[in-house]
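Coordinates from input-v3.txt are shown below (compact mmCIF, C-alpha atoms and all ligand atoms).
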```txt
# COMPACT_ATOMS: atom_id res chain seq x y z
CA MET O 1 0.00 0.00 0.00
CA GLY O 2 2.10 2.92 -1.23
CA TYR O 3 0.99 6.31 0.05
CA GLU O 4 2.46 9.56 -1.16
CA PHE O 5 2.64 12.02 1.67
CA GLU O 6 3.98 15.53 1.87
CA SER O 7 4.95 17.71 4.78
CA GLY O 8 2.78 20.69 5.61
CA VAL O 9 -0.60 21.43 7.04
CA GLU O 10 -2.15 22.07 3.60
CA HIS O 11 -1.44 18.50 2.54
CA ALA O 12 -3.04 17.24 5.78
CA ARG O 13 -6.12 19.38 5.17
CA GLU O 14 -6.40 18.17 1.58
CA ARG O 15 -6.32 14.57 2.74
CA ASP O 16 -8.96 15.26 5.36
CA ALA O 17 -11.15 16.97 2.78
CA ALA O 18 -10.81 13.98 0.45
CA ALA O 19 -11.60 11.43 3.15
CA SER O 20 -14.97 9.74 2.96
CA LEU O 21 -14.83 8.55 6.53
CA ASP O 22 -15.19 11.09 9.29
CA TYR O 23 -17.42 10.56 12.27
CA ARG O 24 -15.82 13.20 14.42
CA GLU O 25 -19.05 15.10 14.93
CA ARG O 26 -20.51 12.00 16.59
CA PHE O 27 -17.89 12.16 19.38
CA HIS O 28 -17.33 14.43 22.37
CA LEU O 29 -13.62 15.07 22.15
CA PRO O 30 -11.78 16.59 25.10
CA ASP O 31 -9.90 19.84 24.40
CA GLY O 32 -6.71 19.40 22.45
CA ILE O 33 -5.77 16.47 20.25
CA TYR O 34 -7.01 13.09 21.39
CA LEU O 35 -4.56 10.36 20.38
CA ASP O 36 -5.16 7.89 23.18
CA GLY O 37 -8.08 5.90 21.80
CA ASN O 38 -6.05 2.71 22.21
CA SER O 39 -6.31 3.23 25.97
CA LEU O 40 -9.72 4.84 26.37
CA GLY O 41 -11.89 5.84 23.45
CA PRO O 42 -13.97 9.02 23.89
CA LEU O 43 -17.70 9.27 24.45
CA SER O 44 -19.91 9.30 21.38
CA THR O 45 -23.40 10.75 21.18
CA ASP O 46 -24.63 7.27 20.17
CA ALA O 47 -23.18 5.70 23.31
CA GLU O 48 -24.52 8.53 25.44
CA GLN O 49 -28.03 8.13 24.00
CA MET O 50 -28.08 4.37 24.52
CA LEU O 51 -26.88 4.82 28.08
CA GLN O 52 -29.65 7.35 28.65
CA HIS O 53 -32.13 4.95 27.04
CA VAL O 54 -31.23 2.25 29.59
CA VAL O 55 -31.39 4.74 32.46
CA ASP O 56 -34.87 5.74 31.25
CA GLU O 57 -35.90 2.08 31.11
CA TRP O 58 -34.58 1.53 34.61
CA ARG O 59 -36.58 4.53 35.83
CA ASP O 60 -39.77 3.63 33.94
CA LEU O 61 -39.74 -0.15 33.99
CA GLY O 62 -37.77 -1.06 37.07
CA ILE O 63 -37.24 -4.81 37.15
CA ARG O 64 -39.45 -5.27 34.09
CA GLY O 65 -36.49 -3.98 32.08
CA TRP O 66 -35.05 -7.49 32.17
CA THR O 67 -37.89 -8.72 30.00
CA GLU O 68 -39.47 -5.58 28.52
CA GLY O 69 -36.43 -3.45 27.80
CA ASP O 70 -35.62 -2.72 24.19
CA PRO O 71 -33.76 -5.01 23.84
CA PRO O 72 -34.64 -7.02 26.97
CA TRP O 73 -31.74 -6.83 29.40
CA PHE O 74 -31.94 -10.57 30.03
CA TYR O 75 -30.54 -11.18 26.53
CA TYR O 76 -28.30 -8.11 26.36
CA GLY O 77 -25.01 -10.05 26.38
CA GLU O 78 -26.16 -12.25 23.51
CA HIS O 79 -27.78 -9.35 21.65
CA VAL O 80 -24.64 -7.23 21.67
CA GLY O 81 -22.53 -10.33 21.00
CA ASP O 82 -24.51 -10.96 17.80
CA ARG O 83 -23.78 -7.44 16.66
CA LEU O 84 -20.07 -7.84 17.34
CA ALA O 85 -19.72 -11.14 15.53
CA SER O 86 -18.97 -9.62 12.13
CA LEU O 87 -16.20 -7.45 13.62
CA VAL O 88 -14.28 -10.54 14.68
CA GLY O 89 -15.40 -12.82 11.86
CA ALA O 90 -17.44 -15.22 13.95
CA ARG O 91 -20.90 -16.72 13.94
CA GLU O 92 -23.37 -14.90 16.16
CA GLU O 93 -23.60 -17.70 18.72
CA GLU O 94 -19.82 -17.70 19.10
CA VAL O 95 -19.63 -14.20 20.61
CA VAL O 96 -20.97 -12.72 23.81
CA VAL O 97 -20.19 -9.70 25.97
CA ALA O 98 -19.43 -10.53 29.56
CA ASN O 99 -17.09 -9.97 32.50
CA SER O 100 -13.76 -8.17 32.06
CA THR O 101 -10.96 -9.21 29.74
CA THR O 102 -8.92 -10.54 32.63
CA VAL O 103 -11.83 -12.62 33.92
CA ASN O 104 -12.41 -13.93 30.41
CA ILE O 105 -8.77 -15.04 30.19
CA HIS O 106 -9.24 -16.88 33.49
CA THR O 107 -12.38 -18.67 32.42
CA LEU O 108 -11.26 -19.54 28.88
CA VAL O 109 -7.68 -20.55 29.57
CA GLY O 110 -9.03 -22.57 32.50
CA THR O 111 -11.64 -24.25 30.33
CA PHE O 112 -9.11 -25.20 27.68
CA LEU O 113 -6.57 -26.41 30.25
CA ASP O 114 -9.26 -28.75 31.54
CA ARG O 115 -9.98 -29.97 28.02
CA CYS O 116 -6.27 -30.64 27.58
CA GLU O 117 -6.24 -32.73 30.71
CA ARG O 118 -9.31 -34.73 29.65
CA GLU O 119 -7.86 -35.28 26.18
CA GLY O 120 -4.44 -36.26 27.45
CA ARG O 121 -2.74 -33.24 25.88
CA GLY O 122 0.10 -31.36 27.54
CA ARG O 123 -0.82 -28.37 29.70
CA LYS O 124 1.94 -25.91 28.98
CA VAL O 125 0.84 -22.51 27.75
CA VAL O 126 2.95 -20.61 25.22
CA VAL O 127 2.91 -16.84 25.71
CA ASN O 128 5.51 -14.16 25.03
CA GLU O 129 7.57 -11.67 26.95
CA LEU O 130 5.87 -8.63 25.40
CA ASP O 131 2.40 -9.58 26.59
CA PHE O 132 0.20 -7.24 28.58
CA PRO O 133 0.92 -8.32 32.18
CA THR O 134 -2.63 -9.28 33.14
CA ASP O 135 -2.50 -12.15 30.61
CA HIS O 136 0.41 -13.75 32.47
CA TYR O 137 -1.10 -13.10 35.89
CA ALA O 138 -4.35 -14.82 34.92
CA ILE O 139 -2.71 -17.78 33.16
CA ARG O 140 -0.25 -18.32 36.01
CA SER O 141 -3.08 -18.41 38.49
CA GLN O 142 -5.06 -20.88 36.35
CA LEU O 143 -1.97 -23.11 36.26
CA ARG O 144 -1.46 -22.74 40.02
CA VAL O 145 -5.00 -23.73 40.95
CA ARG O 146 -4.50 -26.92 38.93
CA GLY O 147 -1.37 -27.74 40.91
CA LEU O 148 0.87 -26.97 37.91
CA ASP O 149 4.06 -25.00 38.49
CA PRO O 150 3.67 -21.77 36.48
CA ASP O 151 7.43 -21.38 36.08
CA GLU O 152 7.51 -24.73 34.34
CA HIS O 153 4.24 -24.51 32.46
CA LEU O 154 4.37 -20.99 31.12
CA VAL O 155 6.60 -21.05 28.04
CA VAL O 156 7.59 -17.48 27.32
CA VAL O 157 8.71 -16.72 23.77
CA GLU O 158 11.37 -14.04 23.82
CA SER O 159 11.55 -11.01 21.60
CA ARG O 160 14.69 -10.50 19.53
CA ASP O 161 14.39 -6.74 19.36
CA GLY O 162 12.33 -5.78 22.41
CA ARG O 163 9.48 -4.71 20.12
CA THR O 164 8.16 -7.66 18.21
CA ILE O 165 7.64 -11.40 18.39
CA ARG O 166 8.43 -13.58 15.40
CA GLU O 167 6.02 -16.31 14.48
CA ASP O 168 9.08 -18.46 13.73
CA ASP O 169 10.02 -18.19 17.38
CA VAL O 170 6.55 -19.35 18.38
CA ALA O 171 7.13 -22.32 16.07
CA ALA O 172 10.50 -22.98 17.67
CA ALA O 173 8.95 -22.96 21.16
CA LEU O 174 6.35 -25.46 19.99
CA ASP O 175 9.04 -27.68 18.48
CA GLU O 176 11.04 -27.53 21.67
CA HIS O 177 8.20 -28.39 24.06
CA ASP O 178 6.11 -31.39 23.14
CA ASP O 179 3.60 -30.88 25.96
CA VAL O 180 1.99 -27.58 24.98
CA GLY O 181 -1.79 -27.43 25.32
CA ILE O 182 -2.49 -23.78 24.51
CA VAL O 183 -0.83 -20.98 22.56
CA PHE O 184 -2.15 -17.66 23.85
CA MET O 185 -0.99 -14.53 22.05
CA PRO O 186 -2.11 -10.95 21.45
CA SER O 187 -3.30 -9.98 17.98
CA VAL O 188 -1.67 -6.55 18.33
CA PHE O 189 1.09 -5.91 20.86
CA TYR O 190 0.17 -3.21 23.32
CA ARG O 191 3.50 -1.43 23.22
CA SER O 192 4.91 -1.65 19.70
CA GLY O 193 1.64 -2.07 17.80
CA GLN O 194 2.93 -5.13 15.92
CA LEU O 195 0.11 -7.15 14.35
CA LEU O 196 0.74 -10.85 14.75
CA ASP O 197 -0.12 -13.31 12.00
CA VAL O 198 -3.14 -14.80 13.77
CA GLU O 199 -3.74 -17.32 11.01
CA ARG O 200 -0.20 -18.64 11.05
CA VAL O 201 -0.04 -18.87 14.84
CA THR O 202 -3.36 -20.73 14.85
CA GLU O 203 -2.03 -23.19 12.27
CA LEU O 204 1.19 -23.64 14.22
CA ALA O 205 -0.74 -24.36 17.41
CA HIS O 206 -3.03 -26.84 15.68
CA ASP O 207 -0.13 -28.57 13.93
CA HIS O 208 1.33 -29.15 17.38
CA ASP O 209 -1.92 -30.42 18.82
CA ALA O 210 -2.47 -27.28 20.89
CA TYR O 211 -5.38 -24.85 21.12
CA ALA O 212 -5.01 -21.28 19.83
CA GLY O 213 -6.39 -18.38 21.89
CA PHE O 214 -5.91 -14.65 21.35
CA ASP O 215 -6.17 -11.39 23.26
CA LEU O 216 -7.69 -8.97 20.74
CA ALA O 217 -7.75 -5.95 23.08
CA HIS O 218 -5.67 -3.84 20.69
CA SER O 219 -7.26 -4.89 17.43
CA VAL O 220 -11.00 -5.25 17.89
CA GLY O 221 -12.75 -2.38 16.14
CA VAL O 222 -9.73 -1.35 14.08
CA VAL O 223 -8.45 -4.57 12.47
CA PRO O 224 -10.89 -7.03 10.88
CA HIS O 225 -10.65 -10.64 12.02
CA SER O 226 -11.79 -14.01 10.67
CA LEU O 227 -11.72 -16.04 13.84
CA ALA O 228 -14.20 -18.74 12.85
CA ASP O 229 -12.80 -19.26 9.34
CA ARG O 230 -9.30 -19.51 10.68
CA GLY O 231 -10.38 -22.03 13.28
CA VAL O 232 -9.26 -19.92 16.24
CA ASP O 233 -10.40 -21.77 19.37
CA PHE O 234 -11.10 -18.84 21.68
CA ALA O 235 -10.48 -15.11 22.05
CA VAL O 236 -11.04 -12.28 24.51
CA TRP O 237 -11.05 -8.50 24.17
CA CYS O 238 -12.15 -5.24 25.75
CA HIS O 239 -14.43 -2.53 24.37
CA TYR O 240 -13.08 0.61 25.95
CA LYS O 241 -10.34 1.16 23.37
CA TYR O 242 -11.20 1.34 19.65
CA LEU O 243 -14.85 0.55 20.35
CA ASN O 244 -15.26 3.55 22.64
CA ALA O 245 -17.67 1.85 25.06
CA GLY O 246 -16.43 3.69 28.14
CA PRO O 247 -14.15 3.13 31.12
CA GLY O 248 -14.38 -0.43 32.40
CA ALA O 249 -17.00 -1.37 29.81
CA VAL O 250 -18.08 -5.00 29.78
CA ALA O 251 -15.65 -7.17 27.77
CA GLY O 252 -16.13 -9.61 24.89
CA LEU O 253 -15.27 -13.21 24.17
CA TYR O 254 -15.42 -15.74 21.36
CA VAL O 255 -15.57 -19.49 21.66
CA HIS O 256 -15.54 -21.64 18.53
CA ARG O 257 -18.80 -23.54 18.20
CA ASP O 258 -17.03 -26.90 18.52
CA TYR O 259 -16.77 -26.27 22.26
CA HIS O 260 -20.27 -25.07 22.99
CA GLY O 261 -21.87 -27.13 25.70
CA GLU O 262 -18.69 -27.27 27.77
CA VAL O 263 -18.87 -26.27 31.46
CA PRO O 264 -16.72 -23.14 31.86
CA THR O 265 -14.06 -22.83 34.53
CA LEU O 266 -15.90 -19.87 36.05
CA ALA O 267 -19.44 -21.16 35.80
CA GLY O 268 -22.18 -18.82 37.00
CA TRP O 269 -25.90 -18.56 36.62
CA TRP O 270 -25.68 -16.01 33.80
CA GLY O 271 -24.07 -18.67 31.60
CA HIS O 272 -26.82 -21.17 32.32
CA GLU O 273 -29.14 -22.21 29.51
CA LYS O 274 -31.55 -19.27 29.29
CA GLU O 275 -34.74 -21.28 28.92
CA THR O 276 -34.35 -22.89 32.35
CA GLN O 277 -32.23 -20.32 34.18
CA PHE O 278 -35.14 -19.22 36.34
CA GLU O 279 -36.05 -22.74 37.36
CA MET O 280 -33.26 -22.10 39.85
CA ARG O 281 -31.81 -25.59 39.88
CA THR O 282 -28.56 -25.94 41.70
CA THR O 283 -27.18 -28.10 38.90
CA TYR O 284 -25.66 -26.19 36.01
CA THR O 285 -26.72 -26.63 32.39
CA PRO O 286 -24.48 -24.51 30.16
CA ALA O 287 -25.98 -22.42 27.37
CA GLN O 288 -25.24 -24.05 24.01
CA SER O 289 -23.31 -20.99 22.84
CA ALA O 290 -20.47 -18.71 23.88
CA GLY O 291 -23.08 -17.30 26.28
CA ALA O 292 -22.09 -20.10 28.67
CA TRP O 293 -18.90 -18.18 29.52
CA GLN O 294 -20.86 -15.36 31.09
CA THR O 295 -20.56 -15.52 34.86
CA GLY O 296 -22.80 -13.21 36.90
CA THR O 297 -25.47 -10.68 35.94
CA ILE O 298 -24.41 -8.53 33.01
CA PRO O 299 -23.62 -4.91 34.02
CA ILE O 300 -26.21 -3.33 31.77
CA LEU O 301 -25.00 0.23 32.42
CA SER O 302 -21.58 -0.67 31.08
CA ALA O 303 -22.94 -2.63 28.13
CA ALA O 304 -25.40 0.01 26.87
CA PRO O 305 -22.75 2.45 25.56
CA LEU O 306 -21.30 -0.39 23.50
CA ALA O 307 -24.69 -1.16 21.98
CA GLY O 308 -24.93 2.53 21.07
CA VAL O 309 -21.50 3.03 19.58
CA LEU O 310 -21.82 -0.07 17.41
CA ASP O 311 -24.20 1.99 15.26
CA VAL O 312 -21.32 4.29 14.29
CA VAL O 313 -18.93 1.39 13.77
CA ASP O 314 -21.45 -0.45 11.58
CA GLU O 315 -22.06 2.67 9.52
CA ALA O 316 -18.35 3.17 8.97
CA GLY O 317 -17.62 -0.53 8.30
CA ILE O 318 -14.61 -2.33 9.69
CA GLU O 319 -12.82 -2.56 6.33
CA ALA O 320 -13.08 1.21 5.78
CA LEU O 321 -11.91 1.81 9.35
CA ARG O 322 -8.90 -0.40 8.77
CA ASP O 323 -8.02 1.42 5.52
CA ARG O 324 -8.29 4.80 7.15
CA SER O 325 -6.31 3.64 10.18
CA LEU O 326 -3.49 2.30 8.00
CA GLU O 327 -3.32 5.55 6.09
CA LEU O 328 -3.21 7.60 9.28
CA THR O 329 -0.53 5.44 10.93
CA ALA O 330 1.54 5.47 7.71
CA TYR O 331 1.29 9.27 7.66
CA LEU O 332 2.31 9.47 11.30
CA ALA O 333 5.35 7.23 10.68
CA TYR O 334 6.27 9.36 7.66
CA LEU O 335 6.13 12.55 9.73
CA VAL O 336 8.21 11.00 12.54
CA ASP O 337 10.91 10.19 9.96
CA GLU O 338 10.68 13.61 8.33
CA ARG O 339 10.19 15.90 11.28
CA LEU O 340 11.44 14.28 14.47
CA PRO O 341 15.16 13.82 14.87
CA ASP O 342 16.00 11.53 17.83
CA CYS O 343 12.67 9.73 17.52
CA THR O 344 12.27 6.26 16.02
CA VAL O 345 9.19 4.44 14.83
CA GLY O 346 9.07 1.20 16.83
CA THR O 347 6.05 -0.15 14.94
CA PRO O 348 6.45 -2.39 11.90
CA ARG O 349 6.13 -0.44 8.61
CA ASP O 350 4.52 -3.30 6.76
CA PRO O 351 0.74 -2.71 6.85
CA GLU O 352 0.19 -6.44 7.30
CA ARG O 353 2.19 -6.23 10.51
CA ARG O 354 0.77 -3.07 12.01
CA GLY O 355 -2.23 -2.45 14.28
CA GLY O 356 -3.86 0.91 14.96
CA HIS O 357 -1.24 2.81 16.92
CA VAL O 358 2.35 3.90 16.45
CA ALA O 359 5.13 3.56 19.01
CA VAL O 360 7.23 6.70 18.85
CA GLU O 361 10.46 5.88 20.64
CA HIS O 362 12.61 8.48 22.34
CA PRO O 363 15.15 8.04 25.17
CA GLU O 364 13.18 10.60 27.23
CA ALA O 365 9.75 9.28 26.27
CA TYR O 366 8.28 9.82 29.72
CA ARG O 367 9.24 13.49 29.86
CA VAL O 368 8.20 13.96 26.24
CA SER O 369 4.76 12.57 27.02
CA GLU O 370 4.48 14.89 30.02
CA ALA O 371 5.30 17.85 27.78
CA LEU O 372 2.65 16.70 25.29
CA THR O 373 0.10 16.43 28.08
CA GLU O 374 0.80 20.01 29.10
CA ARG O 375 0.00 21.00 25.52
CA ASP O 376 -3.28 19.00 25.59
CA VAL O 377 -1.95 16.41 23.18
CA VAL O 378 -3.28 13.24 24.77
CA VAL O 379 -1.02 10.20 24.31
CA ASP O 380 0.43 7.72 26.74
CA PHE O 381 3.84 6.58 27.84
CA ARG O 382 4.84 2.93 28.06
CA PRO O 383 8.16 2.15 29.71
CA PRO O 384 10.93 2.27 28.93
CA ASN O 385 10.95 4.53 25.89
CA VAL O 386 7.64 4.59 24.04
CA VAL O 387 5.14 7.36 23.45
CA ARG O 388 2.09 5.58 22.06
CA VAL O 389 0.23 7.65 19.52
CA CYS O 390 -3.13 6.42 18.28
CA PRO O 391 -4.90 8.13 15.39
CA SER O 392 -8.13 6.27 15.93
CA PRO O 393 -9.89 6.35 12.57
CA LEU O 394 -13.40 7.30 13.68
CA TYR O 395 -12.51 10.74 14.96
CA VAL O 396 -8.84 11.61 14.26
CA GLY O 397 -7.83 13.35 11.05
CA PHE O 398 -4.62 14.11 9.18
CA GLU O 399 -4.52 17.64 10.47
CA ASP O 400 -4.60 16.33 14.05
CA VAL O 401 -1.65 14.08 13.27
CA TRP O 402 0.24 16.91 11.64
CA ASN O 403 -0.40 19.24 14.58
CA ALA O 404 0.56 16.58 17.12
CA VAL O 405 3.86 15.96 15.35
CA GLU O 406 4.54 19.70 15.25
CA HIS O 407 4.03 19.80 19.02
CA LEU O 408 6.39 16.86 19.34
CA ARG O 409 8.92 18.62 17.15
CA GLU O 410 8.95 21.68 19.36
CA ILE O 411 9.25 19.51 22.46
CA VAL O 412 12.04 17.31 21.08
CA VAL O 413 14.07 19.75 18.99
CA GLY O 414 13.64 22.56 21.51
CA ARG O 415 14.40 20.09 24.37
CA GLU O 416 11.33 21.38 26.12
CA TYR O 417 10.98 17.98 27.86
CA GLU O 418 13.95 18.90 30.05
CA ARG O 419 11.61 21.03 32.18
CA PHE O 420 9.86 17.85 33.32
CA GLU O 421 11.03 15.47 36.02
CA ARG O 422 12.46 12.10 35.10
CA ARG O 423 10.61 9.07 36.29
CA GLY O 424 12.11 5.73 37.27
CA GLY O 425 12.19 3.22 34.46
CA GLY O 426 12.96 5.70 31.70
CA VAL O 427 16.15 5.07 29.80
CA THR O 428 18.52 7.95 29.37
C1 LIG A 1 -3.77 -6.65 25.74
C2 LIG A 1 -4.60 -6.31 26.94
N1 LIG A 1 -5.23 -7.28 27.63
C3 LIG A 1 -5.97 -7.01 28.72
C4 LIG A 1 -6.10 -5.71 29.17
C5 LIG A 1 -6.86 -5.34 30.41
O1 LIG A 1 -7.87 -6.14 30.76
P1 LIG A 1 -9.02 -5.66 31.76
O2 LIG A 1 -10.04 -4.98 30.94
O3 LIG A 1 -9.47 -6.89 32.40
O4 LIG A 1 -8.42 -4.69 32.74
C6 LIG A 1 -5.50 -4.67 28.46
C7 LIG A 1 -5.66 -3.29 28.93
O5 LIG A 1 -5.22 -2.34 28.39
C8 LIG A 1 -4.72 -4.98 27.34
O6 LIG A 1 -4.10 -4.02 26.67
```
How would this structure read if it were set down as structure tokens?
Amino acid sequence: MGYEFESGVEHARERDAAASLDYRERFHLPDGIYLDGNSLGPLSTDAEQMLQHVVDEWRDLGIRGWTEGDPPWFYYGEHVGDRLASLVGAREEEVVVANSTTVNIHTLVGTFLDRCEREGRGRKVVVNELDFPTDHYAIRSQLRVRGLDPDEHLVVVESRDGRTIREDDVAAALDEHDDVGIVFMPSVFYRSGQLLDVERVTELAHDHDAYAGFDLAHSVGVVPHSLADRGVDFAVWCHYKYLNAGPGAVAGLYVHRDYHGEVPTLAGWWGHEKETQFEMRTTYTPAQSAGAWQTGTIPILSAAPLAGVLDVVDEAGIEALRDRSLELTAYLAYLVDERLPDCTVGTPRDPERRGGHVAVEHPEAYRVSEALTERDVVVDFRPPNVVRVCPSPLYVGFEDVWNAVEHLREIVVGREYERFERRGGGVT
């Protein structure tokens, strides 16, 4: 995908004017330039209205909202799951919204570890050293509660460059350990923004008689997926990043239909077969869908904004969002090269290998991000040396990217960051 970019605000404005995709007016953007949608997406009017709709139902219907809400709250997890299915390339019954991402890792890794035991497979889990920490915490604890030593059973693939993980190294880990039951990897790495080859990793896992699970937190809503076609066994993700569903919004999960009917590790009444849930039996009959991996009552107030914002995402279309995102991140990388001495792009250039954000590396990244914050350019710092910049395609334009890089240029070239205190962990 060859783009031809030029320096200068006029070029940025021309590109914005030519863009067919711009939903900025549907979002409430804080003052300044908001480039942190890979941490917390902003509020949209659609999300706000759906939240208000549920609050109105609560006021007017009280408990009847569970059955008479529009849609009925009782089926909210399944209803929103159906709407999400196309974003991750799954069948409707394979997706549900429930719990938090961390809880979903617990219940799904646990479920598949138990399958491994029943099927006589190994129970090692292949992960990597660049994972988001919660993934390791949850998997280690699922190993521990099964009496398995996490230091022995967690196989951690190392990075060669501190930024990326090579699929070949995942293959090597699988060749080396013949008792792997699960390969669990992120689709997009939270720090560098590398996009992993989900299809290849799934094939590798299956070739080695292991299950393939993915953490899609940094790709859902900005990178299309084909989980069911690729035979991915399970996946988890959150909605507060590119899907803009609000702080702590209910999370999502996918379970391939081959495993429906299984009793989840964290069984709870909300995952019980719906038809008989209110018969209140103390024996558990799992729903015959991904819905079984729900645990307790769905937090409707944190699911409603997601139901609302999906209207915008559906209107835009995931393929168009991906195209726009790739163009914006390519432009950002181009400007870093052109305009920012001392900064390096830590994100793969190949569009096939890149998610929705760009890691701008600088030895004083923490102080640089503080200086940006003072100028109302909202980004985040990830130790040791990364300023993550996310031109989220629904509401960020080329002019925003241009202006943000000009702020960065003044901060870096003018050494403005020196006014800010160093923080531990930063490299000098
Ligand atoms: C890759 C990844 N997994 C999991 C999480 C967090 O999960 P939870 O929503 O349970 O806090 C994050 C949060 O940013 C993340 O980036």
Straight-line distance linking atom CA of O:Ala290 with atom CA of O:Val236, stated in Å to one decimal: 11.4 Å
message: Taking all atoms listed in the file and a cut-off of 9 Å, can you tell me which residues surround ligand LIG 1 (chain A), written as a ChimeraX atom specification?
response: /O:38-40,99-105,131-135,186-191,215-218,236-241,248-251
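Take atom CA of O:Arg230 and atom CA of O:Leu394: the distance between them is 27.3 Å.
Taking atom CA of O:Phe5 and atom CA of O:Glu25 as the two end points, the separation is 25.6 Å.
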message: Given the point (-25.1, -4.4, 33.2) in the coordinates of this file, which residues lie within 10 Å, counting only C-alpha atoms, and how would they look as a count of residues only?
response: 18
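Shell of O:Arg144 at 12 Å, with only C-alpha atoms counted and residues fewer than 5 places along the chain excluded, is His106, Gly110, Leu113, Arg123, Lys124, His136, Tyr137, Ala138, Ile139, Asp149, Pro150, Asp151, Glu152, His153 and Leu154 of chain O.
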task: Find the residues around stretch 372-381 of chain O up to 9 Å (all atoms listed in the file counted), leave out those fewer than 2 positions away in its own chain, and share them as number ranges by chain.
output: O: 30-37, 39, 365-370, 383-390, 404, 407-408, 411, 417
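Checking O:Cys343, O:Ala172, O:Val263, O:Val255 one by one against O:Thr285, counting all atoms listed in the file, you find the shortest gap at O:Val263.
Residues within 7 Å of O:Gly246, counting all atoms listed in the file and excluding same-chain residues fewer than 5 positions away, are O:Gly41, O:Leu43, O:Tyr240, O:Pro305.
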task: List the neighbours of stretch 308-322 of chain O out to 8 Å using only C-alpha atoms; skip same-chain residues closer than 4 positions along the sequence, and give me the result as a list of chain:residue names.
output: O:Leu21, O:Tyr23, O:Ser44, O:Asp46, O:Ala47, O:Glu48, O:Gln49, O:Met50, O:Leu51, O:Arg83, O:Leu84, O:Leu87, O:Gly221, O:Val222, O:Val223, O:Pro224, O:Leu243, O:Asn244, O:Ala245, O:Ala304, O:Leu326, O:Pro393, O:Leu394
query: If you count all atoms listed in the file, which residues fall within 10 Å of O:Ser192, apart from same-chain ones fewer than 5 positions away, as a list of chain:residue names?
result: O:Leu130, O:Gly162, O:Arg163, O:Thr164, O:Val345, O:Gly346, O:Thr347, O:Pro348, O:Arg354, O:Gly355, O:His357, O:Val358, O:Ala359, O:Val360, O:Glu361, O:Arg382, O:Val386, O:Val387, O:Arg388
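Closest approach to O:His256 among O:Tyr75, O:Tyr331, O:Phe278, O:Phe234 is made by O:Phe234 (distances from only C-alpha atoms).
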task: List every protein, DNA or RNA residue that has an atom no more than 8 Å from (-15.1, -23.9, 15.8) in the file's coordinate frame, counting only C-alpha atoms, and report them as a PyMOL selection string.
output: chain O and resi 228+231-233+255-259
Given all atoms listed in the file as the counted atoms, nearest of O:Thr344, O:Ser289, O:Thr265, O:Ser325 to O:Ser219: O:Ser325
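Among O:Glu327, O:Asp207, O:Glu94, O:Glu117, the residue with the shortest atom-to-atom distance to O:Val401, counting all atoms listed in the file, is O:Glu327.
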With all atoms of stretch 7-16 of chain O from the file as input, state the centre and edge lengths in Å to one decimal of the axis-aligned box that has 8 Å extra on each side, as JSON.
```
{"center_x": -2.0, "center_y": 18.3, "center_z": 4.3, "size_x": 29.9, "size_y": 23.5, "size_z": 21.5}
```
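When all atoms listed in the file are used to measure the gap to O:Gln288, the shortest distance among O:Thr107, O:Glu78, O:Gly181, O:Pro341 belongs to O:Glu78.
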